[in-house]
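For reference, work15.txt (compact mmCIF, C-alpha atoms and all ligand atoms):
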```txt
# COMPACT_ATOMS: atom_id res chain seq x y z
CA MET V 59 93.20 28.60 -13.28
CA LYS V 60 95.58 28.83 -10.33
CA ALA V 61 98.33 30.67 -12.19
CA GLU V 62 99.87 33.61 -10.39
CA SER V 63 99.48 37.13 -11.84
CA LEU V 64 102.82 38.72 -12.71
CA ALA V 65 101.39 42.28 -12.57
CA GLN V 66 103.80 44.51 -10.66
CA GLY V 67 102.43 48.02 -10.84
CA LEU V 68 101.02 50.86 -12.91
CA VAL V 69 103.13 53.27 -14.96
CA CYS V 70 102.07 56.65 -16.39
CA ILE V 71 102.32 56.63 -20.18
CA ASP V 72 103.09 60.38 -20.22
CA CYS V 73 105.60 61.07 -17.42
CA GLY V 74 106.70 57.52 -16.57
CA ALA V 75 105.80 57.82 -12.87
CA ALA V 76 105.34 54.43 -11.20
CA HIS V 77 102.30 53.68 -9.04
CA ALA V 78 101.47 50.69 -6.84
CA LEU V 79 98.78 48.28 -7.99
CA GLY V 80 95.40 49.64 -6.97
CA TYR V 81 92.19 51.11 -8.38
CA ARG V 82 93.71 54.25 -9.83
CA LEU V 83 92.55 55.74 -13.12
CA GLU V 84 95.19 58.36 -13.80
CA CYS V 85 98.68 59.52 -12.82
CA GLU V 86 98.86 61.42 -9.53
CA ARG V 87 101.58 63.65 -10.91
CA CYS V 88 100.31 64.63 -14.37
CA ARG V 89 96.82 63.05 -14.80
CA GLY V 90 98.16 60.93 -17.67
CA LEU V 91 96.74 57.47 -18.42
CA LEU V 92 98.21 54.47 -16.65
CA GLU V 93 99.21 51.08 -17.98
CA LEU V 94 99.96 47.87 -16.15
CA ARG V 95 103.48 46.48 -16.00
CA TYR V 96 104.50 42.86 -15.51
CA ASP V 97 107.56 40.84 -14.55
CA ILE V 98 108.99 40.56 -18.08
CA PRO V 99 112.28 38.83 -17.00
CA ARG V 100 110.14 36.08 -15.49
CA LEU V 101 108.16 35.74 -18.75
CA ALA V 102 111.47 35.61 -20.63
CA LYS V 103 112.69 32.86 -18.33
CA THR V 104 109.61 30.63 -18.42
CA GLY V 105 108.63 31.28 -22.03
CA PRO V 106 105.07 30.42 -23.11
CA ALA V 107 105.22 27.29 -20.91
CA ILE V 108 103.90 29.52 -18.10
CA LEU V 109 100.50 29.52 -19.82
CA ALA V 110 98.05 26.86 -18.66
CA GLY V 111 94.38 26.05 -19.03
CA ARG V 112 92.03 27.31 -21.71
CA GLY V 113 90.21 30.46 -22.75
CA LEU V 114 91.03 33.96 -21.57
CA TRP V 115 92.32 32.98 -18.11
CA ARG V 116 94.99 30.85 -19.77
CA TYR V 117 96.75 34.25 -19.88
CA ALA V 118 96.28 34.93 -16.13
CA PRO V 119 100.04 35.49 -15.61
CA VAL V 120 99.82 38.57 -17.86
CA LEU V 121 96.49 39.81 -16.46
CA PRO V 122 96.05 41.90 -13.29
CA ILE V 123 93.57 39.74 -11.36
CA ALA V 124 95.53 38.10 -8.53
CA ASP V 125 92.92 35.93 -6.81
CA PRO V 126 91.61 33.02 -8.91
CA ALA V 127 88.23 33.47 -7.16
CA HIS V 128 87.90 36.86 -8.92
CA ARG V 129 88.53 35.47 -12.40
CA VAL V 130 84.95 35.64 -13.63
CA THR V 131 84.24 33.68 -16.80
CA LEU V 132 81.51 32.86 -19.29
CA GLY V 133 83.87 30.92 -21.56
CA GLU V 134 85.42 33.92 -23.38
CA GLY V 135 88.52 33.89 -25.55
CA GLU V 136 90.01 31.05 -27.60
CA THR V 137 88.22 32.46 -30.64
CA PRO V 138 89.11 31.08 -34.08
CA LEU V 139 91.81 32.45 -36.34
CA LEU V 140 90.34 31.65 -39.73
CA GLU V 141 92.17 31.36 -43.04
CA CYS V 142 90.23 33.24 -45.75
CA PRO V 143 91.56 31.76 -48.99
CA HIS V 144 88.60 32.70 -51.22
CA LEU V 145 88.60 36.33 -50.19
CA ALA V 146 92.41 36.47 -50.27
CA LYS V 147 92.28 35.35 -53.89
CA GLU V 148 89.64 37.94 -54.78
CA LEU V 149 91.64 40.71 -53.13
CA GLY V 150 94.99 39.54 -54.51
CA VAL V 151 96.44 39.07 -51.01
CA ARG V 152 98.97 36.29 -50.44
CA ARG V 153 97.44 35.20 -47.14
CA LEU V 154 94.40 36.63 -45.35
CA LEU V 155 93.44 35.68 -41.79
CA ALA V 156 90.42 36.68 -39.74
CA LYS V 157 90.47 36.74 -35.94
CA PHE V 158 86.74 36.28 -35.40
CA GLU V 159 85.47 37.52 -32.05
CA GLY V 160 81.83 36.63 -32.71
CA PRO V 161 82.02 33.29 -30.86
CA ASN V 162 82.63 35.07 -27.52
CA PRO V 163 79.80 34.66 -24.95
CA THR V 164 78.03 37.94 -25.81
CA GLY V 165 79.26 37.95 -29.39
CA THR V 166 82.02 40.55 -29.14
CA VAL V 167 85.65 41.25 -28.28
CA LYS V 168 84.29 43.25 -25.31
CA ASP V 169 83.95 40.02 -23.35
CA ARG V 170 87.72 39.95 -22.97
CA SER V 171 87.77 43.35 -21.26
CA SER V 172 84.55 42.67 -19.35
CA ALA V 173 86.15 39.61 -17.75
CA THR V 174 89.06 41.66 -16.37
CA ALA V 175 86.89 44.75 -15.61
CA VAL V 176 84.40 42.79 -13.54
CA GLY V 177 87.25 40.73 -12.06
CA ALA V 178 88.85 44.00 -10.95
CA ALA V 179 85.52 45.22 -9.51
CA LEU V 180 85.54 42.11 -7.31
CA GLN V 181 89.23 42.55 -6.52
CA PHE V 182 88.66 46.11 -5.29
CA GLY V 183 85.49 45.25 -3.37
CA TYR V 184 82.84 47.01 -5.46
CA ALA V 185 79.18 45.94 -5.40
CA ALA V 186 78.16 47.69 -8.64
CA THR V 187 79.56 48.34 -12.11
CA SER V 188 78.56 50.85 -14.78
CA VAL V 189 79.27 51.66 -18.42
CA VAL V 190 78.08 54.04 -21.13
CA SER V 191 77.60 51.98 -24.25
CA SER V 192 76.58 52.11 -27.87
CA GLY V 193 75.38 48.53 -27.38
CA ASN V 194 78.01 45.82 -27.23
CA ALA V 195 79.86 46.95 -24.10
CA GLY V 196 76.54 47.28 -22.28
CA SER V 197 75.41 43.71 -22.85
CA SER V 198 78.87 42.38 -22.13
CA ILE V 199 79.39 44.27 -18.84
CA ALA V 200 75.83 43.41 -17.79
CA ALA V 201 76.39 39.71 -18.48
CA TYR V 202 79.72 39.53 -16.64
CA SER V 203 78.37 41.56 -13.71
CA ALA V 204 75.42 39.18 -13.41
CA ARG V 205 77.83 36.27 -13.53
CA ALA V 206 79.86 37.80 -10.69
CA GLY V 207 76.77 38.63 -8.62
CA LEU V 208 77.25 42.40 -9.02
CA ARG V 209 74.70 45.03 -9.88
CA SER V 210 75.25 46.85 -13.20
CA LEU V 211 74.01 50.27 -14.30
CA ILE V 212 74.01 50.18 -18.08
CA PHE V 213 73.58 53.41 -20.06
CA ALA V 214 72.65 52.49 -23.62
CA TYR V 215 72.53 54.52 -26.82
CA GLU V 216 68.95 55.10 -27.99
CA ARG V 217 69.80 53.93 -31.53
CA ALA V 218 71.47 50.68 -30.47
CA SER V 219 70.14 47.76 -32.52
CA ALA V 220 67.08 45.93 -31.19
CA PRO V 221 68.99 42.67 -30.57
CA LYS V 222 71.55 44.60 -28.49
CA LEU V 223 68.84 46.34 -26.45
CA LEU V 224 67.06 43.04 -25.90
CA HIS V 225 70.29 41.48 -24.71
CA MET V 226 70.98 44.34 -22.28
CA ALA V 227 67.43 44.39 -20.94
CA ALA V 228 67.71 40.67 -20.26
CA THR V 229 71.05 40.82 -18.44
CA THR V 230 70.56 43.87 -16.19
CA ALA V 231 67.70 45.23 -14.12
CA ASP V 232 69.18 48.71 -14.52
CA LEU V 233 69.13 49.57 -18.22
CA ILE V 234 68.94 53.32 -18.84
CA ILE V 235 68.52 54.63 -22.41
CA TYR V 236 70.24 57.96 -23.05
CA LYS V 237 69.50 60.67 -25.60
CA GLY V 238 72.22 61.81 -27.99
CA VAL V 239 75.46 59.99 -28.78
CA TYR V 240 78.19 58.43 -26.64
CA ASP V 241 80.21 61.65 -26.60
CA ASP V 242 77.31 63.57 -25.06
CA LEU V 243 77.06 61.45 -21.93
CA ILE V 244 80.61 60.24 -21.36
CA PRO V 245 82.07 63.47 -19.83
CA LEU V 246 79.25 63.60 -17.25
CA TRP V 247 79.53 59.91 -16.48
CA ASP V 248 83.34 60.08 -16.23
CA GLY V 249 82.87 62.86 -13.65
CA LEU V 250 80.66 60.55 -11.59
CA VAL V 251 83.32 57.83 -11.67
CA GLU V 252 85.37 60.01 -9.29
CA GLU V 253 82.68 59.63 -6.63
CA ARG V 254 83.34 55.88 -6.61
CA LEU V 255 79.67 54.91 -6.49
CA PHE V 256 80.36 52.15 -8.98
CA PHE V 257 83.36 50.48 -10.60
CA ASP V 258 84.38 52.18 -13.86
CA CYS V 259 83.74 49.74 -16.72
CA GLY V 260 84.15 52.44 -19.37
CA ALA V 261 86.78 52.53 -22.09
CA SER V 262 88.30 55.94 -21.34
CA ARG V 263 90.68 55.27 -18.47
CA ASN V 264 90.48 51.96 -16.63
CA ALA V 265 93.73 50.05 -17.20
CA TYR V 266 92.33 46.87 -15.63
CA LYS V 267 89.46 46.74 -18.09
CA GLN V 268 91.58 47.36 -21.17
CA GLU V 269 93.99 44.64 -20.11
CA GLY V 270 91.65 41.78 -20.99
CA LYS V 271 91.80 42.70 -24.66
CA LYS V 272 95.54 42.12 -24.63
CA THR V 273 94.77 38.41 -24.80
CA LEU V 274 93.89 38.93 -28.49
CA ALA V 275 97.60 39.40 -29.18
CA TYR V 276 98.61 36.39 -27.07
CA GLU V 277 96.09 34.19 -28.85
CA LEU V 278 97.19 35.42 -32.26
CA ALA V 279 100.77 34.54 -31.34
CA GLU V 280 99.89 31.09 -30.04
CA GLN V 281 97.65 30.34 -33.02
CA THR V 282 100.51 31.11 -35.41
CA ALA V 283 103.20 29.22 -33.46
CA PHE V 284 104.67 32.58 -32.34
CA ALA V 285 105.15 33.85 -35.87
CA PRO V 286 102.28 36.38 -35.90
CA PRO V 287 100.94 37.94 -39.14
CA ASP V 288 102.90 40.82 -40.74
CA VAL V 289 99.91 43.13 -40.49
CA VAL V 290 96.95 43.22 -38.10
CA VAL V 291 94.06 45.58 -38.87
CA ALA V 292 92.32 46.53 -35.61
CA PRO V 293 89.19 48.65 -35.00
CA VAL V 294 89.47 52.00 -33.20
CA ALA V 295 86.62 53.77 -31.42
CA VAL V 296 88.21 55.00 -28.20
CA GLY V 297 91.20 52.76 -28.86
CA GLU V 298 91.09 50.00 -26.24
CA THR V 299 91.45 47.04 -28.58
CA PHE V 300 94.21 48.74 -30.56
CA ILE V 301 96.25 49.81 -27.53
CA ALA V 302 95.81 46.51 -25.71
CA THR V 303 96.79 44.46 -28.76
CA ALA V 304 99.89 46.60 -29.28
CA ARG V 305 100.81 46.10 -25.61
CA GLY V 306 100.42 42.33 -25.82
CA PHE V 307 102.76 42.10 -28.80
CA ARG V 308 105.25 44.45 -27.12
CA GLU V 309 105.36 42.29 -23.98
CA MET V 310 105.92 39.15 -26.01
CA ARG V 311 108.69 40.82 -28.00
CA GLU V 312 110.38 42.07 -24.82
CA ALA V 313 110.13 38.59 -23.30
CA GLY V 314 111.59 37.06 -26.46
CA TRP V 315 108.46 35.04 -27.27
CA ILE V 316 108.17 36.58 -30.74
CA ALA V 317 110.89 38.01 -32.97
CA LYS V 318 108.79 40.80 -34.40
CA ALA V 319 105.47 42.48 -33.60
CA PRO V 320 102.97 42.89 -36.45
CA LEU V 321 102.32 46.27 -38.00
CA LEU V 322 99.08 47.40 -36.33
CA VAL V 323 96.79 49.30 -38.68
CA ALA V 324 93.94 51.41 -37.22
CA ALA V 325 90.47 51.14 -38.79
CA GLN V 326 87.64 53.61 -38.23
CA ALA V 327 84.23 54.38 -39.68
CA ALA V 328 84.40 57.44 -41.98
CA ARG V 329 81.57 58.97 -39.93
CA ALA V 330 83.67 58.76 -36.72
CA ASN V 331 87.23 59.14 -37.95
CA ALA V 332 88.91 61.58 -35.55
CA VAL V 333 92.07 59.45 -35.21
CA VAL V 334 92.40 58.82 -38.96
CA ARG V 335 92.05 62.54 -39.71
CA ALA V 336 94.70 63.53 -37.18
CA PHE V 337 97.03 60.84 -38.50
CA ARG V 338 96.49 61.99 -42.08
CA ASP V 339 96.97 65.69 -41.24
CA GLY V 340 99.93 65.13 -38.95
CA GLY V 341 98.34 67.11 -36.11
CA ALA V 342 96.54 66.45 -32.84
CA ILE V 343 93.05 64.95 -32.56
CA VAL V 344 90.20 67.37 -33.13
CA PRO V 345 86.98 66.01 -31.56
CA LEU V 346 84.17 65.51 -34.09
CA LYS V 347 80.44 65.99 -33.79
CA ILE V 348 79.17 62.71 -35.17
CA GLY V 349 75.84 61.19 -36.12
CA TYR V 350 74.84 57.58 -36.72
CA THR V 351 77.11 54.98 -38.31
CA VAL V 352 76.20 51.35 -38.98
CA ALA V 353 79.47 50.51 -37.20
CA GLU V 354 77.75 51.36 -33.91
CA GLY V 355 80.67 50.24 -31.79
CA LEU V 356 82.97 52.72 -33.55
CA ALA V 357 80.71 55.74 -32.96
CA ALA V 358 82.99 57.89 -30.81
CA GLY V 359 83.74 61.38 -32.12
CA ASN V 360 85.98 62.29 -29.20
CA PRO V 361 88.31 59.43 -28.31
CA GLY V 362 89.97 61.56 -25.60
CA LYS V 363 93.36 60.65 -24.15
CA LYS V 364 93.17 57.11 -25.48
CA GLY V 365 92.77 58.45 -29.00
CA ALA V 366 95.96 60.46 -28.53
CA TRP V 367 97.65 57.27 -27.31
CA VAL V 368 96.57 55.41 -30.47
CA LEU V 369 97.94 58.28 -32.55
CA ARG V 370 101.27 58.11 -30.73
CA LEU V 371 101.52 54.34 -31.34
CA LEU V 372 100.66 54.77 -35.03
CA ARG V 373 103.39 57.40 -35.45
CA GLU V 374 105.99 55.44 -33.47
CA GLN V 375 105.35 52.34 -35.59
CA ARG V 376 105.14 54.33 -38.84
CA SER V 377 101.92 52.44 -39.34
CA LEU V 378 98.72 53.17 -41.26
CA ALA V 379 95.23 54.34 -40.41
CA GLY V 380 92.21 54.14 -42.70
CA ASP V 381 88.48 54.62 -42.71
CA ALA V 382 85.48 53.33 -44.66
CA GLU V 383 82.00 54.64 -45.45
CA ASP V 384 78.89 52.86 -44.15
CA ASP V 385 78.04 51.42 -47.58
CA GLU V 386 81.56 50.01 -47.94
CA ILE V 387 81.24 48.43 -44.49
CA LEU V 388 77.92 46.79 -45.37
CA ALA V 389 79.34 45.57 -48.70
CA ALA V 390 82.33 44.05 -46.87
CA GLN V 391 79.93 42.36 -44.43
CA ARG V 392 78.05 40.61 -47.25
CA ARG V 393 81.22 39.80 -49.16
CA LEU V 394 82.79 38.11 -46.14
CA ALA V 395 79.63 36.10 -45.50
CA ARG V 396 79.37 34.94 -49.15
CA THR V 397 83.03 34.14 -49.69
CA GLU V 398 83.99 32.67 -46.33
CA GLY V 399 80.75 32.00 -44.44
CA ILE V 400 81.72 34.38 -41.64
CA TRP V 401 78.83 36.54 -40.42
CA ALA V 402 80.33 39.48 -38.58
CA GLY V 403 78.56 42.70 -37.56
CA PRO V 404 79.18 46.10 -39.18
CA THR V 405 81.39 47.22 -36.28
CA GLY V 406 83.31 43.99 -36.74
CA VAL V 407 83.88 44.22 -40.49
CA ALA V 408 84.93 47.87 -40.60
CA THR V 409 88.48 46.48 -40.48
CA LEU V 410 87.89 44.47 -43.66
CA ALA V 411 86.32 47.46 -45.43
CA VAL V 412 89.37 49.54 -44.50
CA LEU V 413 91.72 46.80 -45.67
CA ILE V 414 89.94 46.66 -49.04
CA ARG V 415 90.42 50.43 -49.39
CA LEU V 416 94.08 50.38 -48.37
CA LEU V 417 94.76 47.62 -50.91
CA ALA V 418 92.92 49.54 -53.65
CA GLU V 419 94.98 52.64 -52.81
CA LYS V 420 98.16 50.48 -52.88
CA ARG V 421 99.08 51.55 -49.37
CA LEU V 422 99.57 47.97 -48.17
CA ASP V 423 101.76 45.28 -49.68
CA PRO V 424 99.51 42.32 -50.66
CA ALA V 425 102.47 39.92 -50.52
CA GLN V 426 102.28 39.96 -46.72
CA THR V 427 100.21 37.89 -44.30
CA ILE V 428 97.38 40.18 -43.25
CA CYS V 429 94.96 39.60 -40.39
CA VAL V 430 91.73 41.50 -39.79
CA VAL V 431 90.17 41.58 -36.31
CA LEU V 432 86.42 40.99 -36.71
CA SER V 433 85.25 42.34 -33.38
CA GLU V 434 81.60 41.23 -33.29
CA THR V 435 79.05 38.70 -34.47
CA GLY V 436 76.62 39.56 -37.26
CA LEU V 437 73.76 38.09 -35.27
CA LYS V 438 73.04 41.40 -33.51
CA THR V 439 72.70 43.29 -36.81
CA GLU V 440 69.40 45.09 -37.34
CA ALA V 441 68.36 45.41 -40.98
CA GLU V 442 65.42 44.77 -43.28
CA PRO V 443 65.15 41.00 -43.79
CA PRO V 444 64.99 39.70 -47.40
CA SER V 445 61.54 39.43 -48.98
CA ARG V 446 59.36 36.85 -47.30
CA SER V 447 56.87 36.28 -50.12
CA GLY V 448 56.95 32.51 -50.55
CA THR V 449 56.56 30.31 -53.62
CA ALA V 450 54.18 27.31 -53.74
CA PHE V 451 55.78 24.34 -55.55
CA ASP V 452 54.64 21.16 -57.20
CA ALA V 453 57.16 18.39 -57.96
CA ASP V 454 57.92 19.60 -61.51
CA ALA V 455 58.26 23.25 -60.58
CA LEU V 456 60.60 22.34 -57.74
CA ARG V 457 62.80 20.14 -59.95
CA ARG V 458 62.90 22.87 -62.64
CA LEU V 459 63.98 25.50 -60.16
CA VAL V 460 66.73 23.36 -58.65
CA ARG V 461 68.04 22.39 -62.10
CA GLU V 462 67.98 26.01 -63.24
CA ARG V 463 69.77 27.30 -60.15
CA LEU V 464 72.48 24.66 -60.39
CA GLY V 465 72.82 25.07 -64.15
CA THR V 466 72.02 21.42 -64.96
CA THR V 467 69.05 21.96 -67.34
ZN ZN J 1 102.24 61.10 -15.21
```
Now, as a test, write the supplied structure out as structure tokens.
Ligand SMILES: [Zn+2]
Amino acid sequence: MKAESLAQGLVCIDCGAAHALGYRLECERCRGLLELRYDIPRLAKTGPAILAGRGLWRYAPVLPIADPAHRVTLGEGETPLLECPHLAKELGVRRLLAKFEGPNPTGTVKDRSSATAVGAALQFGYAATSVVSSGNAGSSIAAYSARAGLRSLIFAYERASAPKLLHMAATTADLIIYKGVYDDLIPLWDGLVEERLFFDCGASRNAYKQEGKKTLAYELAEQTAFAPPDVVVAPVAVGETFIATARGFREMREAGWIAKAPLLVAAQAARANAVVRAFRDGGAIVPLKIGYTVAEGLAAGNPGKKGAWVLRLLREQRSLAGDAEDDEILAAQRRLARTEGIWAGPTGVATLAVLIRLLAEKRLDPAQTICVVLSETGLKTEAEPPSRSGTAFDADALRRLVRERLGTT
């Protein structure tokens, strides 16, 4: 926990201008997005031996929170990388892995970015945080803010699932439900960020927040003895997870920790597929008016500058982007649960649904090692439960049923 942060500054991704470390959301010169830069020669020299401790803060050297007292934690990270042999066989894939983010403290990958977002709020002396959320980010930011003793203003989507709303209402005193979708509120809220009333815990611009998700890549590398999978399918709403994962692999490649970065494939819900459309058409992103999708966490019709960044990375890597309909996502959710016992939420399994499509369309080589990022637990899913009409048994009826079910009659 005492490891030094090797963060050195912020660099504009558009014009390359360098900025000192500080709470800055965009480039002074061109208003481009900023990303954090680290002492890569030092990482090259030490190798992975620089990593110490467990969980997310094991990666403190490559995170931007300098003071160990600001490294807020609820036990996030160190999530399992699960082999999925049954599903791999069904899909005809040589090796299928699932990076399952459900075991994080609030059940989602967001806990990685909440740890560094709230850590940065402490670092820059803020007393309050805020986020506009479709559900998962809200409960995660609220939980980490509570943990750090900060106030949190959580703006939550009116159609967020009941378990998500319950979670948010429990972890913040300031839960505000908004009308419309994420895209309706985010421009207004982003404008308010400039007034510095609260620390920006949104996904659009804050480099410190995004950084926590980079640990996904570091964990994937460590869990595969620094020979990461050939392909990683990552979810894209605004693009934080995708961009951060790409960054993590790039840093490790530059430092010589890994020989080759995986091909990062972008997965979206068909009802919120602005990035996939632009990638397919070869043009720029055209914001979409969207409605509801079961993949609530992917419901962003206008991914803004981050979406353009994802598009740039996809084109640079000559990668792939795919989408899936809601019914395909729900089918993938059940299939994963039945074949491998993994209960991930619809937002989380959109990656699997997209993988199934890409394989069916023969756009991915099944002879590779493929990893899907399952970004959330299934335990916050809201759906009709199975029928609850019970059966009364006597001893014979019970024995008959068991024998029938197991085929031993
Ligand atoms: Zn710039």
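Selecting all polymer residues at most 10 Å from ligand ZN 1 (chain J), using all atoms listed in the file, gives Val69, Cys70, Ile71, Asp72, Cys73, Gly74, Ala75, Ala76, His77, Glu84, Cys85, Glu86, Arg87, Cys88, Arg89, Gly90, Leu91 and Leu92 of chain V.
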Go ahead and write the residues just picked, C-alpha atoms, as an mmCIF file, in the frame of the given file.
```
data_model
loop_
_atom_site.group_PDB
_atom_site.id
_atom_site.type_symbol
_atom_site.label_atom_id
_atom_site.label_comp_id
_atom_site.auth_asym_id
_atom_site.auth_seq_id
_atom_site.Cartn_x
_atom_site.Cartn_y
_atom_site.Cartn_z
ATOM 1 C CA VAL V 69 103.130 53.270 -14.960
ATOM 2 C CA CYS V 70 102.070 56.650 -16.390
ATOM 3 C CA ILE V 71 102.320 56.630 -20.180
ATOM 4 C CA ASP V 72 103.090 60.380 -20.220
ATOM 5 C CA CYS V 73 105.600 61.070 -17.420
ATOM 6 C CA GLY V 74 106.700 57.520 -16.570
ATOM 7 C CA ALA V 75 105.800 57.820 -12.870
ATOM 8 C CA ALA V 76 105.340 54.430 -11.200
ATOM 9 C CA HIS V 77 102.300 53.680 -9.040
ATOM 10 C CA GLU V 84 95.190 58.360 -13.800
ATOM 11 C CA CYS V 85 98.680 59.520 -12.820
ATOM 12 C CA GLU V 86 98.860 61.420 -9.530
ATOM 13 C CA ARG V 87 101.580 63.650 -10.910
ATOM 14 C CA CYS V 88 100.310 64.630 -14.370
ATOM 15 C CA ARG V 89 96.820 63.050 -14.800
ATOM 16 C CA GLY V 90 98.160 60.930 -17.670
ATOM 17 C CA LEU V 91 96.740 57.470 -18.420
ATOM 18 C CA LEU V 92 98.210 54.470 -16.650
#
```
Would you pick out the contacts of Thr131 (chain V) at 8 Å or less, using all atoms listed in the file, so that residues sharing its chain but fewer than 6 positions from it are not included, and give the list as a VMD selection string? chain V and resid 173 202 205
Near-Ala302 (chain V) list (7 Å; all atoms listed in the file; drop same-chain fewer than 4 positions) as a PyMOL selection string: chain V and resi 268-269+271-272+298+306
For the selection just defined, write its residues with C-alpha atoms to a file, as a PDB file, in the frame of the given file.
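Just written: selection.pdb:
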```pdb
ATOM      1  CA  GLN V 268      91.580  47.360 -21.170  1.00  0.00           C
ATOM      2  CA  GLU V 269      93.990  44.640 -20.110  1.00  0.00           C
ATOM      3  CA  LYS V 271      91.800  42.700 -24.660  1.00  0.00           C
ATOM      4  CA  LYS V 272      95.540  42.120 -24.630  1.00  0.00           C
ATOM      5  CA  GLU V 298      91.090  50.000 -26.240  1.00  0.00           C
ATOM      6  CA  GLY V 306     100.420  42.330 -25.820  1.00  0.00           C
TER       7      GLY V 306
END
```
Pick from V:Ser63, V:Ser191, V:Asn331, V:Thr166, whichever lies nearest to Gly238 (chain V) using only C-alpha atoms: V:Ser191
Show which residues sit within 10 Å of Leu101 (chain V), as a PyMOL selection string. Count only C-alpha atoms, and ignore same-chain residues fewer than 4 positions away. chain V and resi 64+96-97+105-109+119-120+309-310+312-315
